[in-house]
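Visitor: run10.txt is reproduced in full below (compact mmCIF, N, CA and C atoms).
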```txt
# COMPACT_ATOMS: atom_id res chain seq x y z
N MET A 20 94.09 13.72 150.89
CA MET A 20 94.48 14.81 150.04
C MET A 20 95.39 15.74 150.84
N LEU A 21 96.49 16.08 150.22
CA LEU A 21 97.42 17.04 150.80
C LEU A 21 97.45 18.27 149.91
N HIS A 22 97.36 19.43 150.50
CA HIS A 22 97.43 20.69 149.76
C HIS A 22 98.72 21.38 150.16
N LYS A 23 99.61 21.57 149.19
CA LYS A 23 100.88 22.23 149.46
C LYS A 23 100.92 23.51 148.65
N PRO A 24 100.46 24.63 149.25
CA PRO A 24 100.50 25.89 148.51
C PRO A 24 101.91 26.43 148.40
N HIS A 25 102.11 27.26 147.42
CA HIS A 25 103.38 27.95 147.27
C HIS A 25 103.60 28.82 148.51
N PRO A 26 104.82 28.87 149.03
CA PRO A 26 105.06 29.65 150.25
C PRO A 26 104.74 31.14 150.09
N GLY A 27 104.77 31.64 148.88
CA GLY A 27 104.48 33.05 148.64
C GLY A 27 103.03 33.33 148.28
N SER A 28 102.17 32.32 148.41
CA SER A 28 100.76 32.50 148.04
C SER A 28 100.14 33.63 148.84
N VAL A 29 99.41 34.47 148.16
CA VAL A 29 98.72 35.58 148.84
C VAL A 29 97.27 35.23 149.13
N SER A 30 96.78 34.17 148.52
CA SER A 30 95.39 33.78 148.72
C SER A 30 95.34 32.28 149.01
N LEU A 31 95.05 31.94 150.24
CA LEU A 31 94.96 30.55 150.65
C LEU A 31 93.52 30.21 150.97
N PRO A 32 93.16 28.91 150.90
CA PRO A 32 91.79 28.54 151.29
C PRO A 32 91.53 28.95 152.74
N ARG A 33 90.28 29.20 153.05
CA ARG A 33 89.93 29.58 154.41
C ARG A 33 90.26 28.44 155.36
N ASP A 34 90.44 28.75 156.63
CA ASP A 34 90.75 27.74 157.64
C ASP A 34 89.72 26.62 157.61
N GLY A 35 90.19 25.39 157.63
CA GLY A 35 89.32 24.23 157.67
C GLY A 35 88.86 23.74 156.31
N PHE A 36 89.14 24.49 155.22
CA PHE A 36 88.67 24.10 153.90
C PHE A 36 89.21 22.74 153.48
N THR A 37 90.52 22.58 153.53
CA THR A 37 91.14 21.32 153.12
C THR A 37 90.69 20.18 154.03
N GLN A 38 90.60 20.45 155.31
CA GLN A 38 90.18 19.44 156.28
C GLN A 38 88.75 18.98 156.01
N ALA A 39 87.90 19.86 155.50
CA ALA A 39 86.51 19.51 155.21
C ALA A 39 86.43 18.42 154.14
N PHE A 40 87.48 18.28 153.35
CA PHE A 40 87.53 17.26 152.31
C PHE A 40 88.40 16.07 152.72
N GLY A 41 88.71 16.00 154.00
CA GLY A 41 89.51 14.88 154.50
C GLY A 41 91.00 15.06 154.28
N GLY A 42 91.43 16.26 154.03
CA GLY A 42 92.85 16.50 153.75
C GLY A 42 93.48 17.41 154.77
N ARG A 43 94.66 17.84 154.41
CA ARG A 43 95.36 18.80 155.26
C ARG A 43 96.27 19.67 154.40
N THR A 44 96.54 20.86 154.91
CA THR A 44 97.42 21.80 154.24
C THR A 44 98.81 21.69 154.86
N LEU A 45 99.81 21.62 154.00
CA LEU A 45 101.20 21.50 154.44
C LEU A 45 101.90 22.84 154.23
N THR A 46 102.65 23.27 155.22
CA THR A 46 103.35 24.54 155.11
C THR A 46 104.87 24.37 155.06
N GLU A 47 105.34 23.16 155.27
CA GLU A 47 106.77 22.90 155.23
C GLU A 47 107.29 23.03 153.79
N PRO A 48 108.58 23.22 153.61
CA PRO A 48 109.15 23.24 152.25
C PRO A 48 108.80 21.96 151.49
N PHE A 49 108.58 22.11 150.20
CA PHE A 49 108.14 21.00 149.36
C PHE A 49 109.05 19.78 149.48
N ASP A 50 110.35 20.00 149.42
CA ASP A 50 111.27 18.86 149.46
C ASP A 50 111.21 18.09 150.77
N GLN A 51 110.66 18.69 151.81
CA GLN A 51 110.53 18.00 153.10
C GLN A 51 109.23 17.20 153.22
N VAL A 52 108.26 17.46 152.34
CA VAL A 52 106.97 16.77 152.45
C VAL A 52 106.57 15.98 151.21
N MET A 53 107.33 16.09 150.13
CA MET A 53 106.92 15.43 148.89
C MET A 53 106.83 13.92 149.03
N HIS A 54 107.55 13.33 149.95
CA HIS A 54 107.50 11.88 150.16
C HIS A 54 106.15 11.43 150.70
N LEU A 55 105.35 12.34 151.23
CA LEU A 55 104.05 12.00 151.80
C LEU A 55 102.99 11.70 150.74
N ALA A 56 103.18 12.19 149.53
CA ALA A 56 102.18 12.07 148.48
C ALA A 56 102.38 10.82 147.63
N ASP A 57 101.27 10.26 147.19
CA ASP A 57 101.29 9.12 146.28
C ASP A 57 101.30 9.58 144.83
N ALA A 58 100.74 10.75 144.58
CA ALA A 58 100.65 11.33 143.24
C ALA A 58 100.57 12.84 143.39
N PHE A 59 100.81 13.55 142.30
CA PHE A 59 100.86 15.00 142.32
C PHE A 59 99.97 15.59 141.23
N ILE A 60 99.32 16.70 141.56
CA ILE A 60 98.54 17.47 140.60
C ILE A 60 99.09 18.89 140.62
N PHE A 61 99.49 19.38 139.45
CA PHE A 61 100.04 20.72 139.32
C PHE A 61 99.18 21.53 138.36
N VAL A 62 99.07 22.84 138.63
CA VAL A 62 98.38 23.74 137.72
C VAL A 62 99.36 24.71 137.07
N THR A 63 100.62 24.59 137.41
CA THR A 63 101.65 25.39 136.75
C THR A 63 102.87 24.52 136.46
N SER A 64 103.43 24.76 135.31
CA SER A 64 104.65 24.03 134.94
C SER A 64 105.88 24.85 135.26
N GLN A 65 105.68 26.05 135.75
CA GLN A 65 106.77 26.99 135.98
C GLN A 65 107.16 27.03 137.46
N SER A 66 107.31 25.87 138.07
CA SER A 66 107.68 25.83 139.49
C SER A 66 108.77 24.80 139.72
N THR A 67 109.58 25.05 140.71
CA THR A 67 110.64 24.10 141.07
C THR A 67 110.06 22.74 141.46
N PRO A 68 108.98 22.67 142.27
CA PRO A 68 108.43 21.34 142.60
C PRO A 68 107.99 20.55 141.37
N PHE A 69 107.38 21.21 140.39
CA PHE A 69 106.96 20.51 139.18
C PHE A 69 108.17 19.89 138.49
N ILE A 70 109.21 20.66 138.34
CA ILE A 70 110.43 20.17 137.69
C ILE A 70 111.05 19.03 138.49
N SER A 71 111.08 19.17 139.81
CA SER A 71 111.65 18.12 140.67
C SER A 71 110.88 16.81 140.55
N ILE A 72 109.58 16.89 140.55
CA ILE A 72 108.74 15.69 140.52
C ILE A 72 108.85 14.97 139.19
N LEU A 73 109.08 15.69 138.10
CA LEU A 73 109.23 15.01 136.82
C LEU A 73 110.40 14.04 136.82
N ALA A 74 111.37 14.29 137.67
CA ALA A 74 112.53 13.40 137.76
C ALA A 74 112.27 12.21 138.68
N GLU A 75 111.17 12.24 139.40
CA GLU A 75 110.81 11.14 140.31
C GLU A 75 109.94 10.14 139.56
N SER A 76 109.59 9.05 140.24
CA SER A 76 108.78 8.03 139.59
C SER A 76 107.30 8.09 139.98
N LYS A 77 106.92 9.05 140.80
CA LYS A 77 105.53 9.14 141.24
C LYS A 77 104.64 9.72 140.14
N PRO A 78 103.37 9.32 140.14
CA PRO A 78 102.43 9.82 139.13
C PRO A 78 102.25 11.34 139.20
N VAL A 79 102.12 11.95 138.02
CA VAL A 79 101.95 13.40 137.92
C VAL A 79 100.82 13.71 136.95
N VAL A 80 99.96 14.65 137.35
CA VAL A 80 98.94 15.20 136.47
C VAL A 80 99.19 16.69 136.37
N PHE A 81 99.18 17.19 135.16
CA PHE A 81 99.34 18.62 134.92
C PHE A 81 98.04 19.15 134.36
N ILE A 82 97.44 20.11 135.05
CA ILE A 82 96.24 20.76 134.54
C ILE A 82 96.70 21.97 133.75
N ASP A 83 96.54 21.90 132.45
CA ASP A 83 97.00 22.95 131.55
C ASP A 83 95.90 23.99 131.41
N LEU A 84 96.10 25.12 132.07
CA LEU A 84 95.13 26.22 132.03
C LEU A 84 95.44 27.21 130.92
N GLY A 85 96.36 26.86 130.04
CA GLY A 85 96.69 27.71 128.91
C GLY A 85 97.50 28.94 129.27
N LEU A 86 98.23 28.87 130.36
CA LEU A 86 99.02 30.01 130.82
C LEU A 86 100.38 30.11 130.14
N PHE A 87 100.77 29.07 129.43
CA PHE A 87 102.10 29.00 128.86
C PHE A 87 101.99 28.44 127.45
N GLU A 88 102.67 29.06 126.50
CA GLU A 88 102.68 28.55 125.14
C GLU A 88 103.82 27.54 124.99
N TRP A 89 103.46 26.32 124.67
CA TRP A 89 104.42 25.23 124.62
C TRP A 89 104.99 25.02 123.23
N VAL A 90 106.24 24.62 123.17
CA VAL A 90 106.82 24.10 121.94
C VAL A 90 106.14 22.74 121.74
N PRO A 91 105.51 22.51 120.59
CA PRO A 91 104.74 21.26 120.41
C PRO A 91 105.52 19.98 120.75
N GLU A 92 106.77 19.91 120.36
CA GLU A 92 107.58 18.72 120.65
C GLU A 92 107.75 18.53 122.16
N ALA A 93 107.99 19.61 122.87
CA ALA A 93 108.15 19.53 124.33
C ALA A 93 106.85 19.10 124.99
N TYR A 94 105.74 19.63 124.53
CA TYR A 94 104.43 19.30 125.10
C TYR A 94 104.11 17.81 124.90
N GLU A 95 104.45 17.32 123.74
CA GLU A 95 104.24 15.89 123.44
C GLU A 95 105.10 15.03 124.36
N MET A 96 106.35 15.42 124.57
CA MET A 96 107.23 14.68 125.48
C MET A 96 106.71 14.74 126.91
N LEU A 97 106.25 15.91 127.33
CA LEU A 97 105.69 16.04 128.67
C LEU A 97 104.51 15.10 128.86
N GLY A 98 103.70 14.96 127.84
CA GLY A 98 102.55 14.07 127.89
C GLY A 98 102.91 12.60 128.01
N ARG A 99 104.15 12.27 127.74
CA ARG A 99 104.60 10.88 127.93
C ARG A 99 105.11 10.65 129.34
N ARG A 100 105.28 11.73 130.12
CA ARG A 100 105.72 11.61 131.52
C ARG A 100 104.58 11.86 132.50
N CYS A 101 103.66 12.75 132.14
CA CYS A 101 102.53 13.03 133.03
C CYS A 101 101.26 13.18 132.21
N ARG A 102 100.15 12.87 132.84
CA ARG A 102 98.86 13.06 132.17
C ARG A 102 98.56 14.55 132.16
N ILE A 103 98.12 15.02 131.03
CA ILE A 103 97.77 16.42 130.88
C ILE A 103 96.26 16.53 130.72
N VAL A 104 95.67 17.36 131.55
CA VAL A 104 94.24 17.63 131.50
C VAL A 104 94.07 19.10 131.16
N ARG A 105 93.31 19.38 130.15
CA ARG A 105 93.08 20.77 129.77
C ARG A 105 92.05 21.39 130.71
N GLY A 106 92.39 22.57 131.18
CA GLY A 106 91.48 23.34 132.01
C GLY A 106 91.20 24.67 131.35
N ARG A 107 90.40 25.48 132.02
CA ARG A 107 90.07 26.79 131.47
C ARG A 107 89.65 27.69 132.63
N PHE A 108 89.54 28.96 132.34
CA PHE A 108 89.01 29.91 133.30
C PHE A 108 87.60 30.30 132.86
N ASP A 109 86.67 30.28 133.81
CA ASP A 109 85.29 30.65 133.47
C ASP A 109 85.13 32.17 133.50
N GLU A 110 83.90 32.63 133.30
CA GLU A 110 83.62 34.07 133.23
C GLU A 110 83.92 34.80 134.55
N ASP A 111 84.01 34.05 135.66
CA ASP A 111 84.37 34.64 136.95
C ASP A 111 85.86 34.46 137.26
N ASN A 112 86.64 34.04 136.25
CA ASN A 112 88.08 33.83 136.37
C ASN A 112 88.42 32.71 137.34
N ARG A 113 87.54 31.74 137.44
CA ARG A 113 87.80 30.56 138.28
C ARG A 113 88.26 29.41 137.40
N ALA A 114 89.28 28.72 137.85
CA ALA A 114 89.80 27.58 137.10
C ALA A 114 88.75 26.48 137.06
N GLN A 115 88.57 25.90 135.89
CA GLN A 115 87.60 24.82 135.69
C GLN A 115 88.29 23.64 135.02
N VAL A 116 87.82 22.44 135.36
CA VAL A 116 88.37 21.22 134.79
C VAL A 116 87.24 20.20 134.69
N ASP A 117 87.33 19.30 133.74
CA ASP A 117 86.38 18.20 133.65
C ASP A 117 86.78 17.18 134.72
N TRP A 118 85.94 17.01 135.74
CA TRP A 118 86.27 16.17 136.89
C TRP A 118 86.43 14.71 136.52
N ASP A 119 85.66 14.21 135.56
CA ASP A 119 85.82 12.82 135.13
C ASP A 119 87.17 12.63 134.43
N GLU A 120 87.53 13.60 133.61
CA GLU A 120 88.83 13.53 132.94
C GLU A 120 89.97 13.58 133.96
N LEU A 121 89.84 14.43 134.98
CA LEU A 121 90.86 14.50 136.02
C LEU A 121 90.96 13.19 136.79
N ARG A 122 89.83 12.63 137.14
CA ARG A 122 89.81 11.35 137.87
C ARG A 122 90.51 10.25 137.05
N ASN A 123 90.21 10.19 135.76
CA ASN A 123 90.87 9.21 134.88
C ASN A 123 92.36 9.48 134.77
N ALA A 124 92.73 10.74 134.68
CA ALA A 124 94.14 11.12 134.55
C ALA A 124 94.93 10.67 135.78
N ILE A 125 94.34 10.85 136.96
CA ILE A 125 95.02 10.42 138.19
C ILE A 125 95.25 8.91 138.15
N SER A 126 94.25 8.17 137.69
CA SER A 126 94.37 6.71 137.61
C SER A 126 95.43 6.27 136.60
N GLU A 127 95.54 7.00 135.50
CA GLU A 127 96.44 6.61 134.41
C GLU A 127 97.86 7.15 134.55
N ALA A 128 98.05 8.15 135.36
CA ALA A 128 99.35 8.84 135.43
C ALA A 128 100.49 7.94 135.87
N GLY A 129 100.21 6.93 136.67
CA GLY A 129 101.26 6.04 137.14
C GLY A 129 101.93 5.23 136.05
N ASP A 130 101.27 5.12 134.89
CA ASP A 130 101.83 4.35 133.78
C ASP A 130 102.80 5.16 132.93
N LEU A 131 102.91 6.46 133.20
CA LEU A 131 103.73 7.34 132.36
C LEU A 131 105.07 7.61 133.03
N THR A 132 106.11 7.03 132.47
CA THR A 132 107.44 7.14 133.10
C THR A 132 108.53 7.59 132.12
N ASP A 133 108.15 7.98 130.92
CA ASP A 133 109.12 8.39 129.91
C ASP A 133 109.93 9.58 130.42
N THR A 134 111.22 9.55 130.22
CA THR A 134 112.11 10.61 130.71
C THR A 134 112.55 11.59 129.63
N ALA A 135 112.00 11.49 128.42
CA ALA A 135 112.46 12.33 127.31
C ALA A 135 112.34 13.82 127.62
N PHE A 136 111.24 14.25 128.23
CA PHE A 136 111.08 15.67 128.54
C PHE A 136 112.19 16.14 129.48
N ALA A 137 112.39 15.42 130.56
CA ALA A 137 113.43 15.79 131.53
C ALA A 137 114.82 15.72 130.88
N ASP A 138 115.05 14.70 130.10
CA ASP A 138 116.35 14.54 129.45
C ASP A 138 116.67 15.67 128.48
N ASN A 139 115.64 16.17 127.80
CA ASN A 139 115.85 17.18 126.76
C ASN A 139 115.68 18.62 127.21
N TYR A 140 114.87 18.84 128.26
CA TYR A 140 114.53 20.21 128.60
C TYR A 140 114.90 20.65 130.01
N LEU A 141 115.27 19.72 130.86
CA LEU A 141 115.57 20.07 132.25
C LEU A 141 117.02 19.73 132.58
N ALA A 142 117.64 20.56 133.36
CA ALA A 142 119.00 20.32 133.81
C ALA A 142 118.93 19.74 135.22
N LEU A 143 118.52 18.48 135.30
CA LEU A 143 118.37 17.82 136.61
C LEU A 143 119.65 17.07 136.95
N GLY A 144 120.13 17.34 138.12
CA GLY A 144 121.30 16.62 138.61
C GLY A 144 122.59 16.95 137.89
N SER A 145 122.60 17.99 137.09
CA SER A 145 123.82 18.34 136.36
C SER A 145 124.69 19.26 137.16
```
Mind turning the file's structure into structure tokens?

Guide:
Amino acid sequence: MLHKPHPGSVSLPRDGFTQAFGGRTLTEPFDQVMHLADAFIFVTSQSTPFISILAESKPVVFIDLGLFEWVPEAYEMLGRRCRIVRGRFDEDNRAQVDWDELRNAISEAGDLTDTAFADNYLALGS
């Protein structure tokens, strides 16, 4: 597991947290380390790395925490490129997800390669 926090993050896991799960935290710019990952999990669709990865062929899972109101057609197209798992915030404002659904999404995400979302909504390589 690789954890690549946003460079402007104000709250990072405590030292050793990622390592305790057999992973590591990366601090280099995303474009310099994205080749290290086999698949990607995002909790925001409003980031440059998310947009960049949609143009790649690697598996993508998007955890939709309801932070953004989607145009239904766009959301449907996005679902043909990456697996979408619905998440929520609990009473303590902690993000929650169904772990079995996430595990299945990671397994299935590699089969989703449709480019309609990127073709219609992103200005990649233009």

Visitor: Could you tell me, as number ranges by chain, which residues of chain A DSSP assigns to helix (DSSP H, G or I) when given the backbone?

Guide: A: 36-39, 49-55, 67-73, 91-97, 118-130, 135-140

Visitor: Provide an axis-aligned box for all listed atoms of region 52-58 of chain A, padding each side by 8 Å; report its centre and its edge lengths in Å to one decimal, as AutoDock Vina command-line options.

Guide:
```
--center_x 104.4 --center_y 13.3 --center_z 147.8 --size_x 23.7 --size_y 24.3 --size_z 25.2
```

Visitor: Which residues come within 10 Å of Gly85 (chain A), counting only C-alpha atoms, excluding same-chain residues fewer than 5 positions away, as an MDAnalysis selection string?

Guide: chainID A and resid 62:63 105:108

Visitor: Quick one: pick out all strand (DSSP E or B) residues within chain A from a backbone DSSP run and write them as a list of chain:residue names.

Guide: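 Those residues are A:Leu21, A:His22, A:Arg43, A:Thr44, A:Phe59, A:Ile60, A:Phe61, A:Val79, A:Val80, A:Phe81, A:Ile82, A:Asp83, A:Arg102, A:Ile103, A:Val104, A:Arg105, A:Gly106, A:Arg107, A:Phe108, A:Ala114, A:Gln115, A:Val116.
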
Visitor: Just the residues within 8 Å of region 93-103 of chain A, please, counting all atoms listed in the file, with nothing from its chain fewer than 2 positions along; format it as a PyMOL selection string.

Guide: chain A and resi 73+77-83+89-91+105-106+120-121+123-125+127-137+140

Visitor: Give me the residues near Thr37 (chain A) as a ChimeraX atom specification, where near means some atom within 12 Å (using only C-alpha atoms) and where sequence neighbours in that chain fewer than 3 positions away do not count.

Guide: /A:20-24,31-34,40-45

Visitor: Just to confirm, what's the straight-line distance from CA of Asp119 (chain A) to atom C of Val104 (chain A) in Å (one decimal)?

Guide: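 It comes out at 11.1 Å.
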
Visitor: Just how far from CA of Asp111 (chain A) is CA of Pro26 (chain A), in Å to one decimal?

Guide: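 If I compute the distance from CA of Pro26 (chain A) to CA of Asp111 (chain A), I get 25.1 Å.
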
Visitor: Closest to Ile60 (chain A) among A:Leu141, A:Glu47, A:Leu86, A:Arg122, using only C-alpha atoms?

Guide: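 Selected residue with least distance to Ile60 (chain A): A:Arg122.
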
Visitor: Using only N, CA and C atoms, which of the listed residues (A:Glu92, A:Met53, A:Gln38, A:Leu84) sits closest to Ala114 (chain A)?

Guide: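 The closest residue to Ala114 (chain A) is A:Leu84.
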
Visitor: Reconstruct region 114-125 of chain A at the level of all heavy atoms, and format the result as a short mmCIF file (atom, residue, chain, number, x, y, z; two decimals), in the frame of the given file.

Guide:
```cif
data_model
loop_
_atom_site.label_atom_id
_atom_site.label_comp_id
_atom_site.auth_asym_id
_atom_site.auth_seq_id
_atom_site.Cartn_x
_atom_site.Cartn_y
_atom_site.Cartn_z
N ALA A 114 89.28 28.72 137.85
CA ALA A 114 89.80 27.58 137.10
C ALA A 114 88.75 26.48 137.06
O ALA A 114 88.12 26.17 138.08
CB ALA A 114 91.09 27.07 137.72
N GLN A 115 88.57 25.90 135.89
CA GLN A 115 87.60 24.82 135.69
C GLN A 115 88.29 23.64 135.02
O GLN A 115 89.20 23.81 134.22
CB GLN A 115 86.43 25.29 134.81
CG GLN A 115 85.66 26.46 135.37
CD GLN A 115 84.89 26.10 136.62
OE1 GLN A 115 84.32 25.01 136.74
NE2 GLN A 115 84.90 27.01 137.60
N VAL A 116 87.82 22.44 135.36
CA VAL A 116 88.37 21.22 134.79
C VAL A 116 87.24 20.20 134.69
O VAL A 116 86.29 20.24 135.47
CB VAL A 116 89.56 20.69 135.64
CG1 VAL A 116 89.10 20.22 137.00
CG2 VAL A 116 90.32 19.62 134.92
N ASP A 117 87.33 19.30 133.74
CA ASP A 117 86.38 18.20 133.65
C ASP A 117 86.78 17.18 134.72
O ASP A 117 87.85 16.56 134.63
CB ASP A 117 86.45 17.58 132.25
CG ASP A 117 85.49 16.42 132.07
OD1 ASP A 117 85.52 15.48 132.90
OD2 ASP A 117 84.74 16.45 131.08
N TRP A 118 85.94 17.01 135.74
CA TRP A 118 86.27 16.17 136.89
C TRP A 118 86.43 14.71 136.52
O TRP A 118 87.29 14.02 137.08
CB TRP A 118 85.24 16.35 138.00
CG TRP A 118 85.30 17.73 138.57
CD1 TRP A 118 84.43 18.75 138.36
CD2 TRP A 118 86.33 18.26 139.42
NE1 TRP A 118 84.85 19.88 139.02
CE2 TRP A 118 86.01 19.61 139.68
CE3 TRP A 118 87.49 17.73 139.98
CZ2 TRP A 118 86.78 20.43 140.48
CZ3 TRP A 118 88.26 18.56 140.77
CH2 TRP A 118 87.92 19.89 141.02
N ASP A 119 85.66 14.21 135.56
CA ASP A 119 85.82 12.82 135.13
C ASP A 119 87.17 12.63 134.43
O ASP A 119 87.85 11.64 134.65
CB ASP A 119 84.68 12.41 134.20
CG ASP A 119 83.35 12.28 134.92
OD1 ASP A 119 83.35 11.96 136.13
OD2 ASP A 119 82.31 12.52 134.28
N GLU A 120 87.53 13.60 133.61
CA GLU A 120 88.83 13.53 132.94
C GLU A 120 89.97 13.58 133.96
O GLU A 120 90.95 12.84 133.85
CB GLU A 120 88.98 14.68 131.94
CG GLU A 120 90.24 14.59 131.12
CD GLU A 120 90.38 15.71 130.10
OE1 GLU A 120 89.44 16.51 129.91
OE2 GLU A 120 91.46 15.78 129.48
N LEU A 121 89.84 14.43 134.98
CA LEU A 121 90.86 14.50 136.02
C LEU A 121 90.96 13.19 136.79
O LEU A 121 92.05 12.69 137.04
CB LEU A 121 90.58 15.66 136.97
CG LEU A 121 91.57 15.85 138.12
CD1 LEU A 121 92.99 16.07 137.59
CD2 LEU A 121 91.14 17.00 139.02
N ARG A 122 89.83 12.63 137.14
CA ARG A 122 89.81 11.35 137.87
C ARG A 122 90.51 10.25 137.05
O ARG A 122 91.34 9.50 137.56
CB ARG A 122 88.37 10.94 138.16
CG ARG A 122 88.22 9.75 139.07
CD ARG A 122 86.75 9.45 139.41
NE ARG A 122 86.12 10.58 140.09
CZ ARG A 122 85.21 11.40 139.54
NH1 ARG A 122 84.82 11.24 138.30
NH2 ARG A 122 84.69 12.39 140.23
N ASN A 123 90.21 10.19 135.76
CA ASN A 123 90.87 9.21 134.88
C ASN A 123 92.36 9.48 134.77
O ASN A 123 93.17 8.56 134.75
CB ASN A 123 90.22 9.22 133.49
CG ASN A 123 88.83 8.66 133.49
OD1 ASN A 123 88.45 7.88 134.37
ND2 ASN A 123 88.03 9.08 132.54
N ALA A 124 92.73 10.74 134.68
CA ALA A 124 94.14 11.12 134.55
C ALA A 124 94.93 10.67 135.78
O ALA A 124 96.05 10.16 135.66
CB ALA A 124 94.28 12.63 134.35
N ILE A 125 94.34 10.85 136.96
CA ILE A 125 95.02 10.42 138.19
C ILE A 125 95.25 8.91 138.15
O ILE A 125 96.33 8.43 138.49
CB ILE A 125 94.20 10.84 139.43
CG1 ILE A 125 94.19 12.36 139.55
CG2 ILE A 125 94.77 10.19 140.69
CD1 ILE A 125 93.18 12.89 140.56
#
```
